[in-house]
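Only one structure is covered here, and it is reproduced in the block below.
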Amino acid sequence: MMNGDLICVDWGTSSFRAHALRGGRIVARTSAPRGILTVAPGEHAAVLAGLLADLPPQALQPPIVMSGMIG
């Protein structure tokens, strides 16, 4: 992992957005109309994994930082 590598997630009420950063630059992104209110209790980890599956495998190593209604 390079310094500054991470996945930034903005998981709001009505949508999900994620950006994979490497060395401070966006290298991949994904989004979906899958806001936090569409997720059943206890299903957050499974839904997150499914939403991040659109990112290339090499982008999935860094830590994930989340903001929005998920917080």
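Following the order of the structure tokens, first chain is A, next is B, and so on, with residues numbered from 1 inside each chain and ligands from 1 in the order they appear.
Once Val9 in chain A and its same-chain neighbours fewer than 2 positions away are set aside, Trp11, Arg17, Ala18 and Met66 of chain A remain within 6 Å of it when counting only C-alpha atoms.
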May I have the selected residues written with C-alpha atoms, as a PDB file, in the first residue's frame?
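Output contents, as saved in out28.pdb:
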```pdb
ATOM      1  CA  TRP A  11     -22.947   6.733   1.628  1.00  0.00           C
ATOM      2  CA  ARG A  17     -20.372   6.881  -4.092  1.00  0.00           C
ATOM      3  CA  ALA A  18     -16.878   5.461  -3.683  1.00  0.00           C
ATOM      4  CA  MET A  66     -16.861   6.383   5.175  1.00  0.00           C
TER       5      MET A  66
END
```
Using DSSP secondary structure from the backbone, list all strand (DSSP E or B) positions within chain A, as a PyMOL selection string.
chain A and resi 6-11+16-22+25-32+64-67
In Å, with one decimal, what is the gap from CA of Ser15 in chain A to CA of Ala32 in chain A?
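So the answer is 5.9 Å.
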Check the DSSP output for the backbone and give back, as a ChimeraX atom specification, the residues of range 10-67 of chain A in alpha helix (DSSP H).
/A:44-52
Spatial neighbours of range 47-61 of chain A, 10 Å, only C-alpha atoms, chain gap at least 6 places, as a count of residues only
24
Residue nearest Thr13 in chain A - candidates A:Ser67, A:Pro62, A:Ala46, A:Leu37, atoms counted: only C-alpha atoms:
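Smallest separation from Thr13 in chain A among the options: A:Leu37.
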State, in Å with one decimal place, the distance from CA of Pro41 in chain A to CA of Ile70 in chain A.
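Rounded to one decimal, the two atoms are 12.1 Å apart.
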Just give me the gap between CA of Ile64 in chain A and CA of Cys8 in chain A in Å, one decimal is fine.
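CA of Ile64 in chain A sits 6.0 Å away from CA of Cys8 in chain A.
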